[in-house]
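The data block below is model27.txt; it holds compact mmCIF, C-alpha atoms.
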```txt
# COMPACT_ATOMS: atom_id res chain seq x y z
CA MET R 1 -3.42 28.19 -24.56
CA ALA R 2 -2.40 25.47 -26.93
CA ARG R 3 0.88 25.65 -28.71
CA ALA R 4 2.75 23.23 -30.83
CA THR R 5 5.76 21.77 -29.12
CA GLY R 6 9.16 21.18 -30.64
CA HIS R 7 8.00 17.68 -31.42
CA GLY R 8 5.18 18.99 -33.50
CA ARG R 9 2.58 17.60 -31.19
CA ALA R 10 -0.27 19.76 -29.99
CA SER R 11 -0.11 20.02 -26.29
CA PHE R 12 -3.13 21.40 -24.67
CA VAL R 13 -4.08 20.40 -21.22
CA SER R 14 -6.09 17.30 -21.87
CA ALA R 15 -3.26 15.80 -23.89
CA CYS R 16 -1.39 15.20 -20.67
CA THR R 17 -4.12 13.62 -18.65
CA ARG R 18 -2.97 10.09 -19.24
CA ALA R 19 0.64 10.99 -19.76
CA GLY R 20 1.74 8.55 -17.10
CA ASP R 21 0.69 5.64 -19.26
CA ARG R 22 2.99 6.51 -22.08
CA ASP R 23 5.78 7.95 -20.05
CA GLY R 24 8.36 5.43 -21.17
CA GLY R 25 5.93 2.68 -20.28
CA ARG R 26 6.79 3.08 -16.68
CA ILE R 27 3.27 2.89 -15.48
CA LEU R 28 3.13 -0.71 -16.47
CA GLU R 29 0.44 -2.52 -18.27
CA ASP R 30 -3.00 -1.37 -19.15
CA ARG R 31 -6.05 -2.46 -17.34
CA VAL R 32 -6.71 -6.12 -17.47
CA PRO R 33 -9.38 -7.06 -19.97
CA ASP R 34 -12.83 -7.95 -18.81
CA GLU R 35 -12.33 -11.65 -18.77
CA ARG R 36 -10.52 -11.25 -15.50
CA VAL R 37 -13.79 -10.32 -13.92
CA ALA R 38 -14.68 -13.98 -13.98
CA ASP R 39 -11.74 -14.58 -11.68
CA GLU R 40 -12.71 -11.83 -9.35
CA PRO R 41 -13.10 -12.95 -5.79
CA GLY R 42 -16.46 -14.44 -5.26
CA ALA R 43 -17.65 -14.08 -8.83
CA GLY R 44 -18.60 -17.70 -8.96
CA ALA R 45 -19.22 -18.19 -5.27
CA PRO R 46 -22.62 -19.32 -4.20
CA LEU R 47 -24.71 -16.56 -2.74
CA LEU R 48 -26.28 -18.64 -0.04
CA ARG R 49 -24.25 -17.29 2.81
CA VAL R 50 -27.23 -16.12 4.75
CA VAL R 51 -25.67 -14.68 7.84
CA SER R 52 -27.01 -11.38 9.14
CA ASP R 53 -26.43 -8.31 7.03
CA GLU R 54 -24.25 -6.81 9.64
CA PHE R 55 -21.69 -9.53 9.30
CA TYR R 56 -19.37 -10.56 6.55
CA PRO R 57 -20.04 -14.15 5.56
CA ASP R 58 -16.38 -14.94 4.93
CA TRP R 59 -12.97 -13.40 4.47
CA GLU R 60 -13.55 -12.98 0.77
CA ALA R 61 -16.47 -10.71 1.49
CA VAL R 62 -14.27 -8.70 3.84
CA TYR R 63 -11.71 -8.42 1.07
CA ARG R 64 -14.12 -7.58 -1.73
CA ASP R 65 -15.86 -4.91 0.25
CA ASN R 66 -12.73 -3.25 1.57
CA VAL R 67 -9.83 -3.68 -0.82
CA ALA R 68 -10.66 -0.59 -2.88
CA ARG R 69 -11.29 1.44 0.27
CA VAL R 70 -7.95 0.50 1.81
CA TYR R 71 -6.14 1.14 -1.47
CA ARG R 72 -7.68 4.57 -1.87
CA LEU R 73 -6.76 5.49 1.66
CA MET R 74 -3.19 4.35 1.12
CA PHE R 75 -2.86 6.13 -2.22
CA ALA R 76 -3.97 9.35 -0.57
CA LYS R 77 -1.17 8.93 1.95
CA VAL R 78 1.71 7.87 -0.32
CA GLY R 79 0.75 9.31 -3.70
CA ASN R 80 2.07 6.47 -5.86
CA ARG R 81 0.76 3.15 -7.02
CA PRO R 82 3.63 0.75 -6.22
CA ASP R 83 3.68 1.77 -2.57
CA ALA R 84 -0.11 1.93 -2.34
CA GLU R 85 -0.34 -1.63 -3.69
CA ASP R 86 2.30 -3.01 -1.37
CA LEU R 87 0.82 -1.35 1.67
CA THR R 88 -2.68 -2.50 0.79
CA ALA R 89 -1.36 -6.04 0.45
CA GLU R 90 0.39 -5.73 3.78
CA VAL R 91 -2.80 -4.59 5.49
CA PHE R 92 -4.74 -7.61 4.28
CA THR R 93 -2.03 -10.20 4.80
CA THR R 94 -1.59 -8.89 8.32
CA ALA R 95 -5.24 -8.44 9.16
CA LEU R 96 -6.98 -11.42 7.66
CA ARG R 97 -5.12 -14.11 9.46
CA PRO R 98 -6.17 -13.20 12.98
CA LEU R 99 -9.48 -11.86 11.80
CA ARG R 100 -12.61 -13.59 12.84
CA VAL R 101 -15.42 -13.11 10.44
CA SER R 102 -17.79 -13.26 13.36
CA ALA R 103 -17.00 -9.62 14.06
CA SER R 104 -19.47 -7.09 12.70
CA ALA R 105 -18.70 -5.18 9.52
CA ALA R 106 -18.04 -2.03 11.53
CA GLU R 107 -15.61 -3.84 13.79
CA VAL R 108 -13.83 -5.38 10.84
CA ARG R 109 -13.38 -1.96 9.26
CA ALA R 110 -12.13 -0.47 12.48
CA TYR R 111 -9.64 -3.28 12.69
CA LEU R 112 -8.50 -2.84 9.08
CA LEU R 113 -8.05 0.85 9.72
CA ALA R 114 -5.99 0.19 12.83
CA THR R 115 -3.85 -2.22 10.84
CA ALA R 116 -3.49 0.31 8.02
CA ARG R 117 -2.33 2.92 10.51
CA THR R 118 0.42 0.63 11.78
CA VAL R 119 1.42 -0.44 8.28
CA LEU R 120 1.66 3.16 7.06
CA ALA R 121 3.71 4.22 10.07
CA GLY R 122 6.07 1.31 9.43
CA HIS R 123 6.41 2.30 5.80
CA TRP R 124 7.55 5.82 6.62
CA ARG R 125 9.83 4.64 9.37
CA ARG R 126 11.59 2.32 6.93
CA THR R 127 11.80 4.68 4.00
CA LEU R 128 12.36 8.19 5.30
CA GLY R 129 12.57 7.90 9.05
CA TRP R 130 9.77 10.42 9.50
CA GLU R 131 6.04 9.97 9.54
CA VAL R 132 5.35 12.06 6.49
CA THR R 133 1.65 11.23 6.51
CA THR R 134 -0.48 9.47 9.07
CA LEU R 135 -3.90 7.95 9.26
CA THR R 136 -5.81 10.07 11.71
CA ASP R 137 -9.15 9.79 13.42
CA GLU R 138 -10.62 11.68 10.50
CA ASP R 139 -9.70 8.94 8.08
CA ASN R 140 -12.10 6.09 7.77
CA LEU R 141 -13.03 3.33 5.41
CA GLU R 142 -16.65 4.27 5.19
CA ALA R 143 -16.52 7.87 4.00
CA ALA R 144 -16.80 7.26 0.30
CA PRO R 145 -18.49 4.48 -1.60
CA ALA R 146 -16.10 1.92 -2.92
CA ASP R 147 -16.42 3.06 -6.52
CA THR R 148 -15.54 6.70 -6.06
CA PRO R 149 -12.19 7.21 -7.79
CA THR R 150 -10.80 9.71 -5.36
CA SER R 151 -12.41 10.69 -2.13
CA ALA R 152 -13.93 14.13 -2.03
CA ASP R 153 -11.65 14.79 0.87
CA THR R 154 -8.49 14.18 -1.12
CA ALA R 155 -9.60 16.30 -4.06
CA GLY R 156 -10.88 18.97 -1.70
CA ARG R 157 -7.60 19.32 0.11
CA ALA R 158 -5.68 19.66 -3.13
CA ALA R 159 -8.15 22.20 -4.48
CA ALA R 160 -8.00 24.23 -1.28
CA MET R 161 -4.23 24.24 -1.47
CA LEU R 162 -4.14 25.30 -5.12
CA ALA R 163 -6.70 28.03 -4.59
CA GLN R 164 -4.34 29.85 -2.28
CA LEU R 165 -1.49 30.05 -4.78
CA PRO R 166 -0.70 32.63 -7.47
CA ASP R 167 -1.92 31.68 -10.94
CA SER R 168 1.35 30.52 -12.43
CA TYR R 169 2.13 28.36 -9.40
CA ARG R 170 -1.32 26.85 -9.44
CA ARG R 171 -1.14 26.15 -13.16
CA ILE R 172 2.21 24.38 -13.14
CA LEU R 173 1.14 22.19 -10.22
CA GLU R 174 -2.14 21.31 -11.89
CA LEU R 175 -0.38 20.38 -15.11
CA ARG R 176 2.34 18.34 -13.49
CA PHE R 177 0.61 16.67 -10.57
CA LEU R 178 -3.06 16.43 -11.46
CA GLU R 179 -2.87 16.11 -15.20
CA SER R 180 0.38 14.17 -15.37
CA CYS R 181 1.98 16.39 -18.01
CA SER R 182 5.69 16.05 -18.60
CA VAL R 183 7.77 19.13 -17.88
CA ARG R 184 8.02 19.69 -21.60
CA GLU R 185 4.29 19.50 -22.08
CA ALA R 186 3.63 21.75 -19.13
CA ALA R 187 6.14 24.30 -20.40
CA ALA R 188 4.52 24.28 -23.82
CA ALA R 189 1.05 24.62 -22.36
CA MET R 190 2.14 27.63 -20.33
CA GLY R 191 4.29 29.15 -23.05
CA ILE R 192 7.44 29.13 -20.95
CA SER R 193 10.86 27.56 -21.33
CA LEU R 194 11.66 24.10 -20.11
CA THR R 195 14.15 25.42 -17.59
CA TYR R 196 11.74 27.95 -16.24
CA ALA R 197 9.02 25.33 -15.93
CA LYS R 198 11.31 23.27 -13.69
CA VAL R 199 12.13 26.26 -11.54
CA LEU R 200 8.51 27.28 -11.39
CA GLN R 201 7.41 23.83 -10.33
CA HIS R 202 9.96 23.76 -7.57
CA ARG R 203 8.98 27.18 -6.25
CA ALA R 204 5.31 26.41 -6.53
CA LEU R 205 5.64 23.21 -4.56
CA ARG R 206 7.62 24.98 -1.91
CA ALA R 207 4.96 27.68 -1.71
CA ALA R 208 2.28 25.03 -1.42
CA ALA R 209 4.25 23.37 1.35
CA ALA R 210 4.43 26.63 3.25
CA LEU R 211 0.69 27.03 3.31
CA PRO R 212 -0.99 26.42 6.62
CA GLU R 213 -3.08 23.30 7.05
CA VAL R 214 -1.30 21.24 4.49
CA SER R 215 -0.77 18.28 6.66
CA GLY R 216 -1.26 14.69 5.82
CA MET E 1 18.06 20.35 4.17
CA SER E 2 18.53 17.69 1.56
CA PRO E 3 17.04 19.25 -1.55
CA TRP E 4 18.15 16.54 -3.95
CA GLY E 5 16.59 13.71 -2.02
CA ALA E 6 13.31 15.54 -1.77
CA ARG E 7 13.40 16.55 -5.42
CA ARG E 8 14.09 13.04 -6.51
CA PHE E 9 11.25 11.84 -4.31
CA VAL E 10 8.88 14.28 -5.99
CA ALA E 11 10.18 13.37 -9.45
CA ASP E 12 9.52 9.69 -8.71
CA LEU E 13 5.99 10.49 -7.60
CA LEU E 14 5.38 12.35 -10.83
CA ARG E 15 6.60 9.39 -12.85
CA GLY E 16 4.33 7.03 -10.97
CA ARG E 17 7.35 5.23 -9.54
CA ARG E 18 8.02 4.10 -6.06
CA PRO E 19 9.92 7.03 -4.52
CA ARG E 20 13.43 6.21 -3.45
CA SER E 21 14.19 6.68 0.19
CA PHE E 22 16.66 9.27 1.36
CA ARG E 23 17.84 10.82 4.56
CA ALA E 24 15.00 13.27 4.97
CA GLN E 25 15.14 16.32 7.14
CA ASP E 26 12.31 17.92 9.04
CA ALA E 27 12.36 20.80 6.57
CA ASP E 28 11.56 18.45 3.68
CA LEU E 29 8.39 17.05 5.10
CA ASP E 30 5.90 19.76 4.20
CA GLU E 31 7.05 19.63 0.62
CA LEU E 32 6.66 15.88 0.44
CA ARG E 33 3.22 16.13 1.99
CA ALA E 34 2.15 18.79 -0.49
CA ALA E 35 3.39 16.64 -3.37
CA ILE E 36 1.54 13.58 -2.07
CA THR E 37 -1.67 15.55 -1.53
CA LEU E 38 -1.55 16.88 -5.08
CA ARG E 39 -0.66 13.55 -6.59
CA ALA E 40 -3.46 11.79 -4.73
CA ALA E 41 -5.95 14.17 -6.30
CA GLN E 42 -5.28 12.92 -9.84
CA PRO E 43 -8.55 11.72 -11.29
CA GLY E 44 -8.92 7.98 -10.99
CA SER E 45 -5.79 7.47 -8.92
CA GLY E 46 -7.60 5.95 -5.98
CA VAL E 47 -8.85 2.92 -7.89
CA PRO E 48 -6.75 -0.22 -7.62
CA ARG E 49 -5.83 -2.16 -10.76
CA GLU E 50 -8.05 -5.16 -11.35
CA GLU E 51 -4.98 -7.29 -11.80
CA PHE E 52 -3.67 -6.24 -8.42
CA VAL E 53 -7.00 -6.99 -6.74
CA ALA E 54 -7.14 -10.46 -8.31
CA ASP E 55 -3.51 -11.20 -7.53
CA LEU E 56 -3.79 -10.18 -3.90
CA HIS E 57 -6.95 -12.23 -3.58
CA GLN E 58 -5.05 -15.27 -4.75
CA ARG E 59 -2.20 -14.63 -2.37
CA LEU E 60 -4.58 -14.29 0.55
CA ALA E 61 -6.41 -17.45 -0.44
CA ASP E 62 -3.10 -19.31 -0.48
CA GLN E 63 -2.13 -17.90 2.85
CA LEU E 64 -5.42 -18.60 4.56
CA THR E 65 -5.78 -22.10 3.25
CA GLY E 66 -2.35 -22.96 4.46
CA LYS E 67 -0.56 -23.44 1.18
CA HIS E 68 2.24 -21.52 2.82
CA PRO E 69 2.33 -22.96 6.31
CA THR E 70 5.60 -21.21 7.01
CA GLU E 71 3.67 -18.06 7.42
CA ASP E 72 6.44 -15.53 7.80
CA ALA E 73 8.65 -16.80 5.02
CA GLU E 74 7.58 -14.27 2.44
CA PRO E 75 4.31 -12.74 3.36
CA VAL E 76 4.22 -9.84 0.96
CA ARG E 77 4.94 -11.43 -2.35
CA SER E 78 3.90 -10.00 -5.63
CA ALA E 79 3.53 -11.82 -8.89
CA ARG E 80 4.24 -8.52 -10.55
CA PRO E 81 7.92 -7.80 -11.02
CA MET E 82 8.87 -4.80 -8.99
CA VAL E 83 11.53 -2.23 -9.55
CA ASP E 84 13.57 -2.86 -6.47
CA THR E 85 12.39 -6.22 -5.36
CA THR E 86 15.20 -6.95 -2.99
CA ARG E 87 14.66 -4.01 -0.74
CA ARG E 88 10.94 -4.52 -0.61
CA ARG E 89 11.23 -8.13 0.33
CA LEU E 90 13.62 -7.41 3.10
CA VAL E 91 11.56 -4.71 4.64
CA ALA E 92 8.28 -6.46 3.98
CA ALA E 93 9.27 -9.49 5.99
CA SER E 94 10.41 -7.53 9.00
CA SER E 95 7.68 -4.97 8.92
CA LEU E 96 4.93 -7.51 8.66
CA ALA E 97 6.16 -9.27 11.72
CA ALA E 98 6.31 -5.98 13.58
CA ALA E 99 2.90 -4.89 12.42
CA ALA E 100 1.41 -8.23 13.28
CA ALA E 101 2.89 -8.06 16.74
CA ALA E 102 1.65 -4.54 17.22
CA VAL E 103 -1.92 -4.98 16.13
CA GLY E 104 -2.38 -8.66 16.70
CA ALA E 105 -2.89 -8.44 20.40
CA VAL E 106 -5.33 -5.59 20.14
CA ALA E 107 -7.33 -7.21 17.40
CA ASP E 108 -7.34 -10.45 19.29
CA HIS E 109 -9.05 -8.84 22.14
CA ALA E 110 -11.31 -6.48 20.27
CA LEU E 111 -12.62 -9.03 17.87
CA THR E 112 -12.96 -12.14 19.90
CA THR E 113 -13.99 -11.25 23.39
CA ARG E 114 -17.25 -9.67 22.47
CA THR E 115 -18.31 -11.62 19.47
CA SER E 116 -16.90 -15.07 19.77
CA PRO E 117 -18.66 -17.18 22.36
CA THR E 118 -15.84 -19.66 22.42
CA GLY E 119 -13.21 -17.00 22.91
CA GLY E 120 -9.82 -18.59 22.79
CA GLU E 121 -7.03 -17.92 20.41
CA ALA E 122 -7.52 -15.64 17.46
CA GLY E 123 -4.32 -16.57 15.71
CA PRO E 124 -4.14 -18.83 12.72
CA GLN E 125 -7.20 -20.99 12.51
CA THR E 126 -5.19 -24.01 11.58
CA LEU E 127 -4.74 -26.53 14.35
CA VAL E 128 -1.08 -27.30 14.88
CA PRO E 129 -0.65 -29.40 18.01
CA ASN E 130 2.46 -29.04 20.16
CA THR E 131 3.11 -32.70 19.66
CA GLY E 132 1.72 -34.25 16.54
CA GLN E 133 2.30 -36.88 13.94
CA TRP E 134 1.00 -37.56 10.46
CA ARG E 135 -1.81 -40.06 10.86
CA THR E 136 -3.51 -41.78 7.98
CA VAL E 137 -7.25 -41.21 7.70
CA ALA E 138 -8.00 -42.50 4.23
CA THR E 139 -6.39 -43.95 1.16
CA SER E 140 -5.96 -41.72 -1.85
CA ALA E 141 -8.18 -44.07 -3.83
CA ASP E 142 -11.01 -43.65 -1.33
CA LEU E 143 -10.97 -39.89 -1.55
CA THR E 144 -11.68 -39.06 -5.16
CA GLU E 145 -12.33 -35.62 -6.57
CA GLY E 146 -15.36 -34.09 -4.85
CA GLY E 147 -15.25 -36.73 -2.12
CA VAL E 148 -15.64 -36.18 1.60
CA GLN E 149 -14.74 -38.51 4.40
CA SER E 150 -15.09 -38.25 8.15
CA PHE E 151 -12.34 -39.36 10.49
CA ASP E 152 -11.95 -39.93 14.19
CA LEU E 153 -8.41 -40.10 15.49
CA GLY E 154 -9.40 -40.25 19.13
CA THR E 155 -7.77 -36.92 19.83
CA VAL E 156 -9.30 -35.12 16.90
CA VAL E 157 -12.39 -35.64 14.77
CA GLY E 158 -13.06 -34.00 11.45
CA PHE E 159 -13.76 -34.21 7.76
CA VAL E 160 -11.34 -34.36 4.90
CA SER E 161 -12.40 -33.44 1.37
CA ARG E 162 -10.86 -33.10 -2.05
CA THR E 163 -12.06 -30.18 -4.17
CA GLY E 164 -10.40 -28.95 -7.32
CA GLY E 165 -7.60 -31.40 -6.66
CA ALA E 166 -6.78 -29.83 -3.30
CA LEU E 167 -7.18 -31.61 0.00
CA ARG E 168 -8.67 -29.86 2.95
CA ALA E 169 -9.44 -31.01 6.46
CA VAL E 170 -11.57 -29.26 9.05
CA SER E 171 -12.55 -29.99 12.61
CA GLY E 172 -15.75 -31.93 13.05
CA VAL E 173 -16.86 -30.12 16.19
CA CYS E 174 -19.25 -27.19 16.11
CA THR E 175 -17.60 -23.97 17.21
CA HIS E 176 -20.74 -22.94 19.10
CA LEU E 177 -21.02 -25.42 21.96
CA GLY E 178 -19.07 -28.44 20.81
CA CYS E 179 -21.67 -30.78 19.33
CA ARG E 180 -20.33 -33.19 16.72
CA LEU E 181 -21.13 -32.19 13.18
CA ALA E 182 -22.89 -34.52 10.77
CA LEU E 183 -22.01 -34.74 7.10
CA ASP E 184 -24.72 -33.84 4.65
CA ALA E 185 -23.00 -35.27 1.59
CA PRO E 186 -25.51 -34.21 -1.08
CA GLY E 187 -25.59 -30.67 0.30
CA ARG E 188 -21.80 -30.69 0.72
CA GLN E 189 -22.10 -29.20 4.16
CA LEU E 190 -21.66 -30.05 7.81
CA ASN E 191 -24.66 -29.68 10.07
CA CYS E 192 -24.75 -29.24 13.79
CA PRO E 193 -27.48 -31.40 15.35
CA CYS E 194 -27.91 -29.03 18.29
CA HIS E 195 -28.77 -25.58 16.92
CA THR E 196 -29.03 -25.99 13.14
CA THR E 197 -25.72 -24.34 12.45
CA SER E 198 -24.14 -25.31 9.12
CA PHE E 199 -20.62 -25.07 7.84
CA ALA E 200 -19.18 -25.50 4.37
CA LEU E 201 -16.62 -28.23 3.77
CA ASP E 202 -13.92 -25.58 3.86
CA GLY E 203 -14.99 -24.70 7.40
CA GLU E 204 -16.75 -21.47 6.70
CA LEU E 205 -20.02 -20.65 8.39
CA LEU E 206 -22.97 -21.11 6.06
CA ARG E 207 -25.90 -20.32 8.30
CA HIS E 208 -26.90 -20.16 11.92
CA GLN E 209 -29.79 -19.08 14.11
CA LEU E 210 -27.68 -17.81 16.97
CA ARG E 211 -27.55 -14.30 18.29
CA VAL E 212 -23.83 -14.16 17.61
CA ALA E 213 -22.22 -15.86 14.63
CA PRO E 214 -19.92 -18.70 15.65
CA PRO E 215 -16.40 -18.74 14.14
CA ALA E 216 -15.44 -20.86 11.18
CA LEU E 217 -14.20 -24.40 11.80
CA PRO E 218 -10.49 -24.77 12.54
CA GLN E 219 -8.47 -26.24 9.71
CA LEU E 220 -6.23 -29.26 10.12
CA GLU E 221 -3.03 -29.84 8.25
CA VAL E 222 -3.43 -32.50 5.63
CA ARG E 223 -1.06 -34.17 3.17
CA GLU E 224 -1.04 -37.00 0.71
CA THR E 225 1.84 -39.42 0.60
CA ASN E 226 2.32 -42.91 -0.85
CA GLY E 227 -1.34 -43.34 -1.54
CA SER E 228 -2.42 -42.24 1.93
CA VAL E 229 -4.23 -39.12 3.06
CA GLN E 230 -2.80 -38.00 6.37
CA ILE E 231 -3.71 -35.50 9.05
CA TYR E 232 -1.27 -33.89 11.43
CA ALA E 233 -2.80 -34.65 14.81
CA PRO E 234 -1.76 -35.45 18.36
CA PRO E 235 -0.94 -39.09 18.97
CA GLY E 236 -3.44 -40.92 21.10
CA PRO E 237 -6.11 -43.58 21.15
CA ALA E 238 -6.83 -44.78 17.68
```
Take the structure in the file and give it back as structure tokens.
Amino acid sequence: MARATGHGRASFVSACTRAGDRDGGRILEDRVPDERVADEPGAGAPLLRVVSDEFYPDWEAVYRDNVARVYRLMFAKVGNRPDAEDLTAEVFTTALRPLRVSASAAEVRAYLLATARTVLAGHWRRTLGWEVTTLTDEDNLEAAPADTPTSADTAGRAAAMLAQLPDSYRRILELRFLESCSVREAAAAMGISLTYAKVLQHRALRAAAALPEVSG
Amino acid sequence: MSPWGARRFVADLLRGRRPRSFRAQDADLDELRAAITLRAAQPGSGVPREEFVADLHQRLADQLTGKHPTEDAEPVRSARPMVDTTRRRLVAASSLAAAAAAVGAVADHALTTRTSPTGGEAGPQTLVPNTGQWRTVATSADLTEGGVQSFDLGTVVGFVSRTGGALRAVSGVCTHLGCRLALDAPGRQLNCPCHTTSFALDGELLRHQLRVAPPALPQLEVRETNGSVQIYAPPGPA
């Protein structure tokens, strides 16, 4: 249901999808223009590294093939970009130095995953003192191709969680968390007051937290 | 229960900010997990920014090529200004050391014993002798842009090259079984006379015919001072 807000701006669901980008400019700059691609690791590197397919020819290949995988894994565990970026950086700065490229691709990934596990545990120990989320045996760097925006697993867990909630709870969480609506936009979309939207969000999240099998 | 800390954490997540830490209680955790799970399901959220990927690549290149030989000084450094830089830097330095200590030993073993025929240390691949001195191997004038020169210091042999203005020195001994590498100047590579293994001038393995890939060549520390190109190497017979 689309209703005009007090600001005179139509506010149906899709209007919020990229709300983070304009939310006071807090989500930083836009994507870098295409020219950066020329600077991408290995863009100009010779392709004559003819070592067996099972091996990475050099550290840059390790990085190129795994940076998006590690980032996605970290984002799924911390839910925000600044932390996901720092933890991804920490994984690679920690792992690449002792890494020998002579290891097979599978071994390299296992090693990156082990490093990521330690890095994530350290992050939670420093920030909250509890391991809020962990990398388990079910997490791996191979599950999804590198260009899948979110892993099916991540989306599936959220969908399963939402499906168990009453409609109004599900709706407010979708609007706020998945579609990045502001509270005001979410309230307008649902036809409720701002105050009630805040209360509803809080209750809905608590209800979601109480569901079984919502563990990270 | 610390409802305000948890609420603020969730509010930060929703704003795409780094959540502020707080004294969390056990009772908060499920809520934080639920919030993270939902937030991670935003479309497109799992894709890193291109700028981040390029920036981290540069940092790693600097680290691995020894531009920051004091390796623990500031390992997690971002060119991007961060909200609370001070805290991050503090924790980054300590946590990296801890993480490195924790996984280093395991990785060492897992990655080198089975795959590296030469075994040995898996730490930094830059040779830093216990006792060393800066020893001149060429004059700056001799080593022009794109140039390569071999050196034999008695204790260490290798090749020093200048590419893109940067000096780099690598060991001149094949990491397979120790044969001395020969410079193929036109091909800008180092060839092993024993088993046709080749390395790039930066030490990376180019090709080999072995069952198991040999490691890259160790790097040597190199500097340029007063018109001389110098290598940090053990003293010994000239």
Surrounding residues of E:Thr144 excluding itself and chain neighbours under 2 positions, 12 Å, all atoms listed in the file, as a PDB file with C-alpha atoms, in the coordinates of the input:
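Result written to selection_21.pdb:
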```pdb
ATOM      1  CA  ALA E 138      -8.000 -42.500   4.230  1.00  0.00           C
ATOM      2  CA  THR E 139      -6.390 -43.950   1.160  1.00  0.00           C
ATOM      3  CA  SER E 140      -5.960 -41.720  -1.850  1.00  0.00           C
ATOM      4  CA  ALA E 141      -8.180 -44.070  -3.830  1.00  0.00           C
ATOM      5  CA  ASP E 142     -11.010 -43.650  -1.330  1.00  0.00           C
ATOM      6  CA  GLY E 146     -15.360 -34.090  -4.850  1.00  0.00           C
ATOM      7  CA  GLY E 147     -15.250 -36.730  -2.120  1.00  0.00           C
ATOM      8  CA  VAL E 148     -15.640 -36.180   1.600  1.00  0.00           C
ATOM      9  CA  GLN E 149     -14.740 -38.510   4.400  1.00  0.00           C
ATOM     10  CA  VAL E 160     -11.340 -34.360   4.900  1.00  0.00           C
ATOM     11  CA  SER E 161     -12.400 -33.440   1.370  1.00  0.00           C
ATOM     12  CA  ARG E 162     -10.860 -33.100  -2.050  1.00  0.00           C
ATOM     13  CA  THR E 163     -12.060 -30.180  -4.170  1.00  0.00           C
ATOM     14  CA  GLY E 164     -10.400 -28.950  -7.320  1.00  0.00           C
ATOM     15  CA  GLY E 165      -7.600 -31.400  -6.660  1.00  0.00           C
ATOM     16  CA  ALA E 166      -6.780 -29.830  -3.300  1.00  0.00           C
ATOM     17  CA  LEU E 167      -7.180 -31.610   0.000  1.00  0.00           C
ATOM     18  CA  GLY E 227      -1.340 -43.340  -1.540  1.00  0.00           C
ATOM     19  CA  VAL E 229      -4.230 -39.120   3.060  1.00  0.00           C
TER      20      VAL E 229
END
```
task: Could you give me, as a ChimeraX atom specification, the residues that have an atom at most 10 Å away from the point (-18.6, -23.4, 5.8) in the coordinates of the file, using only C-alpha atoms?
output: /R:49,57-58 /E:170,188-191,197-207,215-217
message: From the options E:Gln25, E:Thr155, E:Ser150, E:Gln209, which residue's atoms come nearest to E:Ala185, counting only C-alpha atoms?
response: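 Smallest separation from E:Ala185 among the options: E:Ser150.
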field: Distance in Å - atom CA of E:Ala41 versus atom CA of R:Ala155
entry: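 Calculated distance between atom CA of E:Ala41 and atom CA of R:Ala155 is 4.8 Å.
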To test the calculation: enclose all listed atoms of stretch 190-198 of chain R in a box whose edges run along x, y and z, add 8 Å on each side, then state centre and edge lengths in Å to one decimal, as lines of an AutoDock Vina configuration file.
```
center_x = 8.1
center_y = 26.2
center_z = -18.4
size_x = 28.0
size_y = 21.9
size_z = 25.4
```
task: Figure out the distance between atom CA of E:Val137 and atom CA of E:Pro235, please, to one decimal in Å.
output: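 The value is 13.1 Å.
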message: Would you pick out the contacts of stretch 198-210 of chain R at 7 Å or less, using only C-alpha atoms, so that residues sharing its chain but fewer than 6 positions from it are not included, and give the list as a ChimeraX atom specification?
response: /R:161,169,172-173,183 /E:30-31,34
query: Please, what distance in Å, to one decimal, runs between atom CA of E:Leu29 and atom CA of R:Glu131?
result: 8.7 Å
query: So which residues are close to (-24.3, -30.7, 17.3), meaning at most 6 Å away in the file's coordinates with all atoms listed in the file counted, and can you show them as a PyMOL selection string?
result: chain E and resi 179-181+192-194
message: Counting only C-alpha atoms, which residue out of R:Tyr196, R:Trp124, R:Tyr56, R:Phe75 sits closest to chain E?
response: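 Under the stated criterion, the closest residue is R:Phe75.
The shortest atom-to-atom distance to E:Ala24, with only C-alpha atoms taken into account, belongs to E:Arg8 out of E:Pro214, E:Arg8, E:Thr37, E:Gly172.
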query: Counting all atoms listed in the file, which of E:Gly44, E:Gly5, E:Pro19, E:Gly178 gets nearest to chain R?
result: E:Gly44
task: Could you tell me which of E:Thr126, E:Thr131, E:Ser21, E:Ser228 comes closest to chain R if we count only C-alpha atoms?
output: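 Ranked by minimum distance to chain R, first place goes to E:Ser21.
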- prompt: Near E:Gln125, counting all atoms listed in the file, which residues have an atom at most 9 Å away, once you skip same-chain residues fewer than 5 positions from it, shown as number ranges by chain?
  reply: R: 97-98; E: 64, 216-220
Got time to write the residues from that selection, C-alpha atoms, as a PDB file, in the frame of the given file?
```pdb
ATOM      1  CA  ARG R  97      -5.120 -14.110   9.460  1.00  0.00           C
ATOM      2  CA  PRO R  98      -6.170 -13.200  12.980  1.00  0.00           C
TER       3      PRO R  98
ATOM      4  CA  LEU E  64      -5.420 -18.600   4.560  1.00  0.00           C
ATOM      5  CA  ALA E 216     -15.440 -20.860  11.180  1.00  0.00           C
ATOM      6  CA  LEU E 217     -14.200 -24.400  11.800  1.00  0.00           C
ATOM      7  CA  PRO E 218     -10.490 -24.770  12.540  1.00  0.00           C
ATOM      8  CA  GLN E 219      -8.470 -26.240   9.710  1.00  0.00           C
ATOM      9  CA  LEU E 220      -6.230 -29.260  10.120  1.00  0.00           C
TER      10      LEU E 220
END
```
